file run.tsv (TSV, C-alpha atoms and all ligand atoms)
chain	number	residue	atom	x	y	z
U	159	MET	CA	0.00	0.00	0.00
U	160	GLU	CA	1.24	3.46	-0.93
U	161	ASN	CA	1.75	6.07	1.73
U	162	PRO	CA	-1.82	7.39	2.24
U	163	PHE	CA	-0.77	10.58	4.02
U	164	GLN	CA	-0.60	13.70	1.98
U	165	PHE	CA	0.47	17.11	3.19
U	166	THR	CA	0.25	19.06	-0.04
U	167	GLY	CA	-2.70	19.60	-2.36
U	168	ILE	CA	-6.27	18.53	-1.86
U	169	ALA	CA	-6.87	15.71	0.61
U	170	THR	CA	-8.96	12.95	-0.94
U	171	THR	CA	-9.91	9.48	0.30
U	172	PRO	CA	-8.04	7.78	1.99
U	173	SER	CA	-6.06	10.83	3.09
U	174	PHE	CA	-9.28	12.69	3.98
U	175	CYS	CA	-10.19	12.36	7.66
U	176	ASN	CA	-13.79	12.42	8.84
U	177	ARG	CA	-15.47	15.86	8.55
U	178	LYS	CA	-18.78	13.98	8.44
U	179	LYS	CA	-20.74	16.68	10.20
U	180	GLU	CA	-19.30	19.42	8.03
U	181	CYS	CA	-20.14	17.40	4.89
U	182	VAL	CA	-23.73	16.98	6.05
U	183	ASP	CA	-24.10	20.63	7.04
U	184	LEU	CA	-22.69	21.99	3.79
U	185	THR	CA	-24.69	19.52	1.71
U	186	HIS	CA	-27.89	20.67	3.44
U	187	TYR	CA	-27.11	24.29	2.76
U	188	ILE	CA	-26.34	23.52	-0.86
U	189	CYS	CA	-29.40	21.36	-1.46
U	190	ASN	CA	-31.57	24.12	-0.01
U	191	SER	CA	-29.85	26.75	-2.19
U	192	GLN	CA	-28.70	28.61	0.89
U	193	ASN	CA	-25.58	30.77	0.51
U	194	VAL	CA	-22.71	29.95	2.89
U	195	LEU	CA	-19.54	31.68	4.00
U	196	LEU	CA	-16.96	28.97	4.87
U	197	TYR	CA	-13.85	30.26	6.56
U	198	SER	CA	-10.93	29.13	8.67
U	199	HIS	CA	-7.28	29.76	9.13
U	200	ARG	CA	-4.96	28.80	6.31
U	201	ARG	CA	-4.58	25.12	5.48
U	202	PHE	CA	-7.41	23.93	7.68
U	203	GLY	CA	-9.02	21.92	4.91
U	204	LYS	CA	-11.62	24.17	3.25
U	205	THR	CA	-10.74	23.30	-0.33
U	206	SER	CA	-10.51	19.57	0.41
U	207	LEU	CA	-13.87	19.64	2.17
U	208	LEU	CA	-15.52	21.57	-0.65
U	209	HIS	CA	-14.24	19.13	-3.27
U	210	LYS	CA	-15.57	16.21	-1.28
U	211	VAL	CA	-18.97	17.81	-0.79
U	212	LEU	CA	-19.26	18.82	-4.46
U	213	ALA	CA	-18.22	15.36	-5.67
U	214	GLU	CA	-20.97	13.71	-3.63
U	215	LEU	CA	-23.88	15.96	-4.63
U	216	ASP	CA	-26.94	14.43	-6.25
U	217	ASP	CA	-29.23	16.53	-8.42
U	218	VAL	CA	-27.20	19.69	-7.91
U	219	THR	CA	-24.68	20.77	-10.53
U	220	PRO	CA	-21.41	21.96	-8.97
U	221	TYR	CA	-19.18	24.76	-10.23
U	222	TYR	CA	-15.90	25.24	-8.41
U	223	ILE	CA	-14.19	28.56	-9.07
U	224	ASP	CA	-10.74	29.21	-7.63
U	225	LEU	CA	-10.17	32.95	-7.37
U	226	TYR	CA	-6.64	32.60	-6.04
U	227	GLY	CA	-4.38	35.21	-7.65
U	228	THR	CA	-7.18	37.08	-9.42
U	229	THR	CA	-6.71	40.85	-9.09
U	230	THR	CA	-9.32	42.33	-11.44
U	231	VAL	CA	-13.00	41.98	-12.25
U	232	GLU	CA	-11.96	40.76	-15.72
U	233	GLU	CA	-10.00	37.90	-14.12
U	234	PHE	CA	-12.99	37.09	-11.92
U	235	ILE	CA	-15.21	36.89	-15.00
U	236	THR	CA	-12.63	34.77	-16.83
U	237	SER	CA	-12.45	32.31	-13.92
U	238	VAL	CA	-16.23	31.95	-13.85
U	239	ILE	CA	-16.45	31.47	-17.61
U	240	GLN	CA	-13.74	28.82	-17.51
U	241	ALA	CA	-15.45	26.94	-14.69
U	242	ILE	CA	-18.72	26.92	-16.60
U	243	THR	CA	-17.24	25.95	-19.96
U	244	ARG	CA	-15.15	23.16	-18.48
U	245	LYS	CA	-18.46	21.30	-18.26
U	246	VAL	CA	-19.39	21.81	-21.91
U	247	SER	CA	-17.84	19.85	-24.73
U	248	PRO	CA	-16.73	20.13	-27.43
U	249	VAL	CA	-15.10	23.52	-26.93
U	250	GLU	CA	-16.65	24.85	-30.18
U	251	ARG	CA	-20.08	24.28	-28.66
U	252	ALA	CA	-19.06	26.17	-25.51
U	253	MET	CA	-17.78	29.07	-27.57
U	254	SER	CA	-20.86	29.43	-29.73
U	255	TRP	CA	-23.05	29.18	-26.65
U	256	LEU	CA	-20.98	31.88	-24.90
U	257	ARG	CA	-21.10	34.15	-27.96
U	258	ASP	CA	-24.88	33.96	-27.86
U	259	THR	CA	-25.19	34.70	-24.15
U	260	LEU	CA	-22.27	36.98	-23.27
U	261	THR	CA	-22.67	39.41	-26.11
U	262	ARG	CA	-20.16	41.99	-24.91
U	263	LEU	CA	-17.13	39.69	-25.07
U	264	THR	CA	-15.27	37.88	-27.80
U	265	PHE	CA	-13.82	34.42	-27.25
U	266	GLN	CA	-10.78	32.44	-28.29
U	267	PHE	CA	-9.52	29.13	-27.11
U	268	SER	CA	-6.11	27.86	-26.23
U	269	LEU	CA	-4.72	24.64	-24.83
U	270	ASP	CA	-4.00	24.42	-21.14
U	271	PRO	CA	-0.24	23.76	-20.96
U	272	ILE	CA	-0.64	21.38	-18.02
U	273	SER	CA	-3.76	19.37	-18.78
U	274	GLY	CA	-3.64	19.78	-22.58
U	275	LEU	CA	-7.40	20.46	-22.49
U	276	PRO	CA	-8.97	23.34	-24.42
U	277	VAL	CA	-9.65	26.50	-22.42
U	278	VAL	CA	-11.93	29.35	-23.44
U	279	ASN	CA	-10.39	32.83	-23.14
U	280	PRO	CA	-12.62	35.89	-23.25
U	281	THR	CA	-11.41	39.22	-24.61
U	282	PHE	CA	-12.72	42.34	-22.89
U	283	HIS	CA	-13.46	45.53	-24.71
U	284	GLY	CA	-12.61	48.10	-22.05
U	285	GLY	CA	-14.93	50.15	-19.91
U	286	ASP	CA	-17.18	49.07	-17.07
U	287	GLN	CA	-17.59	45.30	-16.76
U	288	GLY	CA	-20.84	45.67	-14.78
U	289	PRO	CA	-23.08	44.74	-17.74
U	290	VAL	CA	-20.89	41.67	-18.40
U	291	LEU	CA	-21.37	40.59	-14.79
U	292	THR	CA	-25.11	40.96	-15.22
U	293	GLU	CA	-25.05	38.75	-18.32
U	294	LEU	CA	-22.79	36.22	-16.60
U	295	PHE	CA	-24.99	35.89	-13.53
U	296	GLY	CA	-28.00	35.81	-15.83
U	297	LEU	CA	-26.37	32.80	-17.49
U	298	MET	CA	-26.00	31.11	-14.10
U	299	LYS	CA	-29.64	31.77	-13.36
U	300	SER	CA	-30.74	30.21	-16.61
U	301	LEU	CA	-28.49	27.18	-15.96
U	302	SER	CA	-30.17	26.78	-12.57
U	303	GLU	CA	-33.59	26.50	-14.18
U	304	LYS	CA	-32.67	22.99	-15.39
U	305	ASN	CA	-30.91	21.83	-12.26
U	306	ARG	CA	-30.07	23.44	-8.94
U	307	LEU	CA	-26.51	24.75	-8.82
U	308	ALA	CA	-23.75	24.98	-6.23
U	309	VAL	CA	-21.36	27.75	-7.17
U	310	VAL	CA	-18.24	27.77	-5.02
U	311	PHE	CA	-15.96	30.80	-4.97
U	312	ASP	CA	-12.80	29.62	-3.25
U	313	GLU	CA	-10.29	32.25	-1.99
U	314	PHE	CA	-13.12	34.75	-2.14
U	315	GLN	CA	-11.16	37.33	-0.12
U	316	GLU	CA	-9.26	38.05	-3.35
U	317	VAL	CA	-12.18	40.17	-4.56
U	318	THR	CA	-11.25	42.83	-2.01
U	319	SER	CA	-8.14	43.56	-4.10
U	320	TYR	CA	-10.06	44.31	-7.31
U	321	GLY	CA	-10.31	47.98	-6.39
U	322	ASP	CA	-13.77	48.21	-7.93
U	323	ALA	CA	-16.26	49.65	-5.47
U	324	ALA	CA	-19.25	48.74	-7.62
U	325	PHE	CA	-18.28	45.06	-7.92
U	326	GLU	CA	-19.65	43.85	-4.58
U	327	LYS	CA	-22.90	45.76	-5.05
U	328	ARG	CA	-23.38	44.39	-8.53
U	329	VAL	CA	-22.72	40.80	-7.45
U	330	ARG	CA	-25.09	41.11	-4.53
U	331	LYS	CA	-27.82	42.54	-6.71
U	332	GLU	CA	-27.46	39.72	-9.24
U	333	ILE	CA	-27.30	36.79	-6.88
U	334	GLN	CA	-30.08	37.88	-4.57
U	335	GLY	CA	-32.66	36.79	-7.08
U	336	HIS	CA	-31.16	33.31	-7.54
U	337	HIS	CA	-33.33	30.89	-5.63
U	338	ARG	CA	-32.00	27.64	-7.10
U	339	ILE	CA	-28.32	28.42	-6.59
U	340	ALA	CA	-26.26	28.02	-3.42
U	341	TYR	CA	-23.27	30.33	-3.53
U	342	VAL	CA	-20.46	29.15	-1.28
U	343	PHE	CA	-17.89	31.82	-0.47
U	344	SER	CA	-14.75	30.33	1.02
U	345	GLY	CA	-11.56	31.89	2.24
U	346	SER	CA	-9.02	32.25	4.97
U	347	GLN	CA	-8.51	35.91	5.71
U	348	ARG	CA	-11.04	36.25	8.46
U	349	HIS	CA	-10.90	39.96	8.94
U	350	LEU	CA	-11.48	40.62	5.22
U	351	LEU	CA	-14.33	38.16	5.02
U	352	SER	CA	-15.90	39.18	8.27
U	353	SER	CA	-15.91	42.82	7.28
U	354	MET	CA	-17.36	41.95	3.85
U	355	PHE	CA	-20.16	39.81	5.25
U	356	GLY	CA	-20.57	41.27	8.73
U	357	ASP	CA	-20.38	45.00	8.18
U	358	THR	CA	-23.75	46.67	7.75
U	359	ASN	CA	-22.26	49.10	5.24
U	360	ARG	CA	-20.97	46.42	2.91
U	361	ALA	CA	-22.94	44.92	0.04
U	362	PHE	CA	-22.44	41.32	1.20
U	363	PHE	CA	-23.87	41.96	4.65
U	364	LYS	CA	-25.87	38.88	5.69
U	365	LEU	CA	-25.78	37.45	2.21
U	366	ALA	CA	-24.59	34.06	3.47
U	367	ALA	CA	-24.82	31.83	6.54
U	368	SER	CA	-21.54	31.96	8.39
U	369	TYR	CA	-19.75	28.59	8.75
U	370	PRO	CA	-16.41	28.71	10.54
U	371	LEU	CA	-14.61	25.45	9.79
U	372	PRO	CA	-13.71	23.79	13.09
U	373	LYS	CA	-10.60	21.75	13.77
U	374	ILE	CA	-10.84	18.00	13.21
U	375	ASN	CA	-11.13	16.48	16.64
U	376	THR	CA	-8.39	14.31	18.09
U	377	ASP	CA	-10.45	11.10	18.27
U	378	HIS	CA	-11.30	11.36	14.60
U	379	PHE	CA	-7.63	11.79	13.71
U	380	ILE	CA	-6.70	8.81	15.87
U	381	SER	CA	-9.19	6.33	14.44
U	382	TRP	CA	-8.51	7.45	10.85
U	383	ALA	CA	-4.72	7.21	11.20
U	384	GLU	CA	-4.73	3.93	13.14
U	385	ASN	CA	-6.95	2.38	10.56
U	386	LEU	CA	-4.61	3.37	7.72
U	387	PHE	CA	-1.52	2.15	9.54
U	388	VAL	CA	-3.23	-1.19	10.20
U	389	LYS	CA	-4.23	-1.49	6.53
U	390	GLY	CA	-0.64	-0.80	5.54
U	391	GLU	CA	0.51	-3.47	8.04
U	392	LYS	CA	2.45	-0.88	9.98
U	393	PRO	CA	0.45	-0.73	13.22
U	394	ILE	CA	1.12	2.35	15.33
U	395	GLN	CA	0.45	3.08	19.00
U	396	GLU	CA	-2.54	5.28	19.67
U	397	SER	CA	-0.44	7.35	22.07
U	398	ILE	CA	1.93	8.31	19.26
U	399	VAL	CA	-0.85	9.50	16.96
U	400	LYS	CA	-2.32	11.41	19.89
U	401	GLU	CA	0.96	13.10	20.58
U	402	VAL	CA	1.36	14.04	16.92
U	403	VAL	CA	-2.11	15.60	16.89
U	404	GLU	CA	-1.37	17.50	20.10
U	405	ARG	CA	1.98	18.80	18.83
U	406	CYS	CA	0.25	19.98	15.67
U	407	GLU	CA	-2.67	21.45	17.63
U	408	ASN	CA	-5.00	19.48	15.30
U	409	HIS	CA	-3.74	21.33	12.23
U	410	PRO	CA	-4.49	18.79	9.46
U	411	MET	CA	-1.62	19.64	7.12
U	412	TYR	CA	0.98	19.19	9.86
U	413	VAL	CA	-0.69	16.06	11.21
U	414	GLN	CA	-0.42	14.61	7.70
U	415	GLU	CA	3.23	15.67	7.42
U	416	PHE	CA	4.18	13.90	10.66
U	417	LEU	CA	2.19	10.79	9.75
U	418	TYR	CA	3.64	10.72	6.25
U	419	HIS	CA	7.15	10.50	7.71
U	420	LEU	CA	6.15	8.02	10.40
U	421	TRP	CA	4.80	5.79	7.63
U	422	GLU	CA	8.02	6.11	5.62
U	423	GLU	CA	10.64	6.04	8.31
U	424	GLY	CA	8.95	4.77	11.48
U	425	LEU	CA	9.53	6.42	14.82
U	426	GLY	CA	13.25	5.65	15.01
U	427	ASN	CA	15.28	5.83	18.20
U	428	LEU	CA	15.03	9.59	18.54
U	429	GLY	CA	11.23	9.70	18.47
U	430	LEU	CA	8.91	12.57	17.66
U	431	ASP	CA	11.33	15.28	18.78
U	432	ALA	CA	13.73	14.33	16.00
U	433	LEU	CA	10.92	14.14	13.47
U	434	GLU	CA	9.65	17.55	14.53
U	435	ALA	CA	13.16	19.01	14.23
U	436	ALA	CA	13.45	17.62	10.70
U	437	ILE	CA	10.06	19.07	9.71
U	438	LEU	CA	10.99	22.46	11.16
U	439	GLU	CA	14.30	22.30	9.34
U	440	ARG	CA	12.54	21.78	6.01
U	441	ARG	CA	10.33	24.78	6.68
U	442	THR	CA	13.08	27.08	7.87
U	443	ILE	CA	13.18	29.25	4.74
U	444	GLU	CA	9.40	29.72	4.79
U	445	PHE	CA	9.46	30.69	8.48
U	446	ILE	CA	12.50	32.96	8.12
U	447	ASN	CA	10.74	34.84	5.32
U	448	LEU	CA	7.59	35.18	7.38
U	449	PHE	CA	9.56	36.48	10.35
U	450	LYS	CA	11.70	38.79	8.19
U	451	GLY	CA	8.54	40.40	6.81
U	452	MET	CA	7.58	41.61	10.29
U	453	THR	CA	8.45	44.96	11.85
U	454	PRO	CA	10.60	44.90	15.01
U	455	ASN	CA	7.51	45.38	17.19
U	456	GLN	CA	5.61	42.62	15.40
U	457	LYS	CA	8.58	40.30	15.98
U	458	LYS	CA	8.47	41.14	19.67
U	459	ALA	CA	4.71	40.62	19.75
U	460	ILE	CA	4.83	37.20	18.12
U	461	LYS	CA	7.57	36.11	20.53
U	462	LEU	CA	5.43	37.41	23.37
U	463	VAL	CA	2.47	35.28	22.31
U	464	ALA	CA	4.64	32.20	21.80
U	465	ARG	CA	6.54	32.49	25.07
U	466	SER	CA	3.62	33.40	27.29
U	467	GLN	CA	1.41	30.67	25.73
U	468	GLY	CA	-1.13	33.46	25.31
U	469	LYS	CA	-1.47	34.10	29.04
U	470	GLY	CA	-0.61	37.25	30.96
U	471	LEU	CA	0.66	38.89	27.81
U	472	PHE	CA	0.57	42.37	29.19
U	473	SER	CA	2.29	41.76	32.51
U	474	ALA	CA	5.29	44.07	32.91
U	475	ARG	CA	7.56	41.06	33.16
U	476	ASN	CA	6.35	39.47	29.91
U	477	LEU	CA	6.43	42.76	28.02
U	478	GLN	CA	9.95	43.51	29.17
U	479	SER	CA	11.16	39.99	28.38
U	480	VAL	CA	10.68	40.69	24.66
U	481	GLY	CA	11.75	44.33	24.80
U	482	PHE	CA	8.45	46.24	24.86
U	483	THR	CA	8.46	49.39	26.97
U	484	THR	CA	4.72	50.13	26.89
U	485	PRO	CA	1.60	47.91	26.55
U	486	SER	CA	0.31	50.10	23.70
U	487	GLN	CA	3.28	49.12	21.51
U	488	ALA	CA	2.33	45.48	22.02
U	489	THR	CA	-1.37	46.13	21.36
U	490	ARG	CA	-0.69	47.88	18.07
U	491	ALA	CA	1.63	45.15	16.84
U	492	LEU	CA	-0.77	42.39	17.94
U	493	ASN	CA	-3.66	44.03	16.10
U	494	THR	CA	-1.68	44.09	12.88
U	495	LEU	CA	-0.72	40.43	13.32
U	496	LEU	CA	-4.38	39.66	13.97
U	497	ILE	CA	-5.44	41.37	10.75
U	498	ARG	CA	-2.75	39.42	8.89
U	499	ASP	CA	-4.06	36.18	10.43
U	500	GLU	CA	-0.69	35.37	12.02
U	501	VAL	CA	-2.25	35.39	15.49
U	502	VAL	CA	-5.70	34.47	16.78
U	503	HIS	CA	-7.58	36.04	19.65
U	504	ASN	CA	-10.35	33.86	21.05
U	505	GLY	CA	-10.35	34.85	24.69
U	506	SER	CA	-6.60	34.28	24.78
U	507	TRP	CA	-3.92	34.99	22.21
U	508	ALA	CA	-2.37	32.23	20.09
U	509	ILE	CA	-0.20	31.85	17.02
U	510	ALA	CA	-2.27	30.56	14.10
U	511	ASP	CA	0.43	28.25	12.73
U	512	PRO	CA	1.45	25.74	15.42
U	513	LEU	CA	4.81	24.88	13.87
U	514	PHE	CA	5.68	28.51	13.30
U	515	LYS	CA	5.06	28.91	17.03
U	516	ARG	CA	7.46	26.09	17.81
U	517	TRP	CA	10.03	27.63	15.48
U	518	ILE	CA	9.67	31.03	17.19
U	519	LEU	CA	10.22	29.35	20.54
U	520	GLN	CA	13.60	28.12	19.33
U	521	LEU	CA	14.76	31.67	18.66
U	522	GLY	CA	16.80	33.45	21.27
X	1	LIG	N1	-10.26	16.22	6.06
X	1	LIG	C1	-8.92	16.19	6.07
X	1	LIG	N2	-8.28	15.12	6.59
X	1	LIG	C2	-6.95	15.07	6.65
X	1	LIG	N3	-6.15	16.02	6.19
X	1	LIG	C3	-6.71	17.11	5.65
X	1	LIG	C4	-8.12	17.25	5.56
X	1	LIG	N4	-8.38	18.42	4.98
X	1	LIG	C5	-7.19	18.99	4.72
X	1	LIG	N5	-6.18	18.21	5.12
X	1	LIG	C6	-4.73	18.51	5.05
X	1	LIG	O1	-4.56	19.91	5.06
X	1	LIG	C7	-3.92	20.36	3.84
X	1	LIG	C8	-4.56	21.66	3.41
X	1	LIG	O2	-5.89	21.38	2.98
X	1	LIG	P1	-6.70	22.38	2.06
X	1	LIG	O3	-5.86	22.88	0.94
X	1	LIG	O4	-7.98	21.71	1.76
X	1	LIG	O5	-6.93	23.56	3.11
X	1	LIG	P2	-7.44	25.03	2.86
X	1	LIG	O6	-8.12	25.44	4.11
X	1	LIG	O7	-8.21	25.10	1.60
X	1	LIG	O8	-6.05	25.81	2.68
X	1	LIG	P3	-5.84	27.33	2.16
X	1	LIG	O9	-6.16	28.19	3.32
X	1	LIG	O10	-4.38	27.36	1.78
X	1	LIG	O11	-6.76	27.52	1.00
X	1	LIG	C9	-4.08	19.21	2.86
X	1	LIG	O12	-2.99	19.17	1.96
X	1	LIG	C10	-4.09	18.00	3.77
X	1	LIG	O13	-2.76	17.63	4.08
X	2	MG	MG	-7.97	26.33	-0.07
call {"tool": "encode", "arguments": {"input": "run.tsv", "output": "structure tokens"}}
result
Amino acid sequence: MENPFQFTGIATTPSFCNRKKECVDLTHYICNSQNVLLYSHRRFGKTSLLHKVLAELDDVTPYYIDLYGTTTVEEFITSVIQAITRKVSPVERAMSWLRDTLTRLTFQFSLDPISGLPVVNPTFHGGDQGPVLTELFGLMKSLSEKNRLAVVFDEFQEVTSYGDAAFEKRVRKEIQGHHRIAYVFSGSQRHLLSSMFGDTNRAFFKLAASYPLPKINTDHFISWAENLFVKGEKPIQESIVKEVVERCENHPMYVQEFLYHLWEEGLGNLGLDALEAAILERRTIEFINLFKGMTPNQKKAIKLVARSQGKGLFSARNLQSVGFTTPSQATRALNTLLIRDEVVHNGSWAIADPLFKRWILQLG
């Protein structure tokens, strides 16, 4: 049996652990054409969960649109068109159908260099793309008349960088009248998403049910991992899996990374400490770059959170230990880290990435 653990890309069976409740909840929303905002910290498993849910839908046609890296309304429109036309073949049929419905654009096709499959490319003719958005969402509505749709916008926070104030209003106006489509907005930058959907002055206010993706619980990780190790005839002690999950604070990508190596190399004489050191070593460049990108006060603040384990952050002793002279310096730096999703504040302060925390703790 191949190593079932996978710490890059989308987790699929058998590397996908549980999430049964989340699958049921999201499926219900989708089948009832209820819009949802799915969010979590980075690498918590949103994309993997969405792919699983979409793959298992009955009687609802799924469209998955990855907005990662899009910076303009034109790129948004292109991503939607490509997601829709991927389901139509041959490509000539898709193009003639698009020419009839999206009258303001012209279309060409090229071959995707990776998959070799044809891809439709729209050409924009300058000016305001609002009317194109109206035609595009009109197209979605007409598609939904045949079959209910699930339209997933992954990395939805990217739309905040489009710099087009009318975009959000236009999208809201169009999708409000779609009663057979569930729009799923998914992303990881909480503060951007929560201000888009939670701020009374923003167009997306209350447009979707909020669904924060929880951590996978420890028992689910244990039974899933044990089962795979038994299948691979490499039984593993429950206590080891439990310790891995605890070290990783239930972060699925890191749990997979530890288990991947345990499958390949076993525990060895040096145990989990040595494995953790090797994983940290491989991520050093990533963590150095993250740390380098911080201001001196942010560096102090992140050390403060790591060292104090989130408790008593503002005690004179803790502040001084990292070099802060006033609490307000720490507050300002923490707020910026919070906005950048590097730290979390749920009652107490914590570092979002558990291994980055462990790396920070190694610093002097
Ligand atoms: N249900 C799951 N079971 C086990 N591992 C998972 C699960 N979901 C995700 N993972 C692990 O976490 C990694 C990240 O998952 P995924 O890309 O789905 O997260 P994400 O929240 O979409 O990340 P991003 O914030 O970067 O978009 C996967 O490569 C996989 O190792
Ligand atoms: Mg994702």
call {"tool": "closest_residue", "arguments": {"input": "run.tsv", "among": "U:Phe163, U:Glu313, U:Thr236, U:Ile272", "to": "ligand MG 2 (chain X)", "atoms": "all atoms listed in the file"}}
result
U:Glu313
call {"tool": "closest_residue", "arguments": {"input": "run.tsv", "among": "U:Thr230, U:Ser346, U:Thr219, U:Gln334", "to": "Arg200 of chain U", "atoms": "only C-alpha atoms"}}
result
U:Ser346
call {"tool": "residues_near_ligand", "arguments": {"input": "run.tsv", "ligand": "ligand MG 2 (chain X)", "cutoff": "9 Å", "atoms": "only C-alpha atoms and all ligand atoms", "output": "list in words"}}
result
Gly167, Ile168, Arg200, Arg201, Phe202, Gly203, Lys204, Thr205, Ser206, Leu208, Asp224, Tyr226, Asp312, Glu313, Ser344, Gly345 and Ser346 of chain U
call {"tool": "closest_residue", "arguments": {"input": "run.tsv", "among": "U:Val290, U:Leu301, U:Val329, U:Leu386", "to": "ligand LIG 1 (chain X)", "atoms": "all atoms listed in the file"}}
result
U:Leu386
call {"tool": "residues_around", "arguments": {"input": "run.tsv", "residues": "Gln487 of chain U", "least_positions_apart": "6", "cutoff": "12 Å", "atoms": "only C-alpha atoms", "output": "ChimeraX atom specification"}}
result
/U:453-459,472,477-478,480-481,493-494
call {"tool": "closest_residue", "arguments": {"input": "run.tsv", "among": "U:Thr229, U:Ser191, U:Thr292, U:Gln347", "to": "Ile497 of chain U", "atoms": "only C-alpha atoms"}}
result
U:Gln347
call {"tool": "decode", "arguments": {"input": "run.tsv", "residues": "segment 327-373 of chain U", "atoms": "C-alpha atoms", "output": "PDB file, in the first residue's frame"}}
result
ATOM      1  CA  LYS U 327     -22.900  45.762  -5.047  1.00  0.00           C
ATOM      2  CA  ARG U 328     -23.378  44.388  -8.535  1.00  0.00           C
ATOM      3  CA  VAL U 329     -22.717  40.803  -7.453  1.00  0.00           C
ATOM      4  CA  ARG U 330     -25.087  41.113  -4.526  1.00  0.00           C
ATOM      5  CA  LYS U 331     -27.821  42.538  -6.715  1.00  0.00           C
ATOM      6  CA  GLU U 332     -27.460  39.724  -9.244  1.00  0.00           C
ATOM      7  CA  ILE U 333     -27.303  36.785  -6.878  1.00  0.00           C
ATOM      8  CA  GLN U 334     -30.080  37.884  -4.571  1.00  0.00           C
ATOM      9  CA  GLY U 335     -32.661  36.786  -7.076  1.00  0.00           C
ATOM     10  CA  HIS U 336     -31.162  33.306  -7.542  1.00  0.00           C
ATOM     11  CA  HIS U 337     -33.335  30.887  -5.627  1.00  0.00           C
ATOM     12  CA  ARG U 338     -32.002  27.642  -7.095  1.00  0.00           C
ATOM     13  CA  ILE U 339     -28.324  28.416  -6.594  1.00  0.00           C
ATOM     14  CA  ALA U 340     -26.264  28.023  -3.423  1.00  0.00           C
ATOM     15  CA  TYR U 341     -23.274  30.326  -3.527  1.00  0.00           C
ATOM     16  CA  VAL U 342     -20.461  29.152  -1.284  1.00  0.00           C
ATOM     17  CA  PHE U 343     -17.892  31.816  -0.470  1.00  0.00           C
ATOM     18  CA  SER U 344     -14.754  30.332   1.015  1.00  0.00           C
ATOM     19  CA  GLY U 345     -11.560  31.891   2.236  1.00  0.00           C
ATOM     20  CA  SER U 346      -9.023  32.252   4.966  1.00  0.00           C
ATOM     21  CA  GLN U 347      -8.508  35.909   5.711  1.00  0.00           C
ATOM     22  CA  ARG U 348     -11.039  36.249   8.455  1.00  0.00           C
ATOM     23  CA  HIS U 349     -10.901  39.961   8.935  1.00  0.00           C
ATOM     24  CA  LEU U 350     -11.478  40.619   5.216  1.00  0.00           C
ATOM     25  CA  LEU U 351     -14.326  38.157   5.017  1.00  0.00           C
ATOM     26  CA  SER U 352     -15.900  39.181   8.274  1.00  0.00           C
ATOM     27  CA  SER U 353     -15.909  42.815   7.275  1.00  0.00           C
ATOM     28  CA  MET U 354     -17.364  41.949   3.853  1.00  0.00           C
ATOM     29  CA  PHE U 355     -20.159  39.813   5.250  1.00  0.00           C
ATOM     30  CA  GLY U 356     -20.570  41.267   8.727  1.00  0.00           C
ATOM     31  CA  ASP U 357     -20.375  45.000   8.175  1.00  0.00           C
ATOM     32  CA  THR U 358     -23.752  46.669   7.748  1.00  0.00           C
ATOM     33  CA  ASN U 359     -22.263  49.096   5.239  1.00  0.00           C
ATOM     34  CA  ARG U 360     -20.969  46.420   2.906  1.00  0.00           C
ATOM     35  CA  ALA U 361     -22.944  44.921   0.041  1.00  0.00           C
ATOM     36  CA  PHE U 362     -22.438  41.322   1.195  1.00  0.00           C
ATOM     37  CA  PHE U 363     -23.874  41.957   4.649  1.00  0.00           C
ATOM     38  CA  LYS U 364     -25.867  38.877   5.692  1.00  0.00           C
ATOM     39  CA  LEU U 365     -25.784  37.451   2.211  1.00  0.00           C
ATOM     40  CA  ALA U 366     -24.593  34.064   3.472  1.00  0.00           C
ATOM     41  CA  ALA U 367     -24.824  31.832   6.539  1.00  0.00           C
ATOM     42  CA  SER U 368     -21.538  31.960   8.387  1.00  0.00           C
ATOM     43  CA  TYR U 369     -19.753  28.588   8.746  1.00  0.00           C
ATOM     44  CA  PRO U 370     -16.408  28.709  10.542  1.00  0.00           C
ATOM     45  CA  LEU U 371     -14.611  25.447   9.787  1.00  0.00           C
ATOM     46  CA  PRO U 372     -13.707  23.792  13.086  1.00  0.00           C
ATOM     47  CA  LYS U 373     -10.598  21.755  13.773  1.00  0.00           C
TER      48      LYS U 373
END
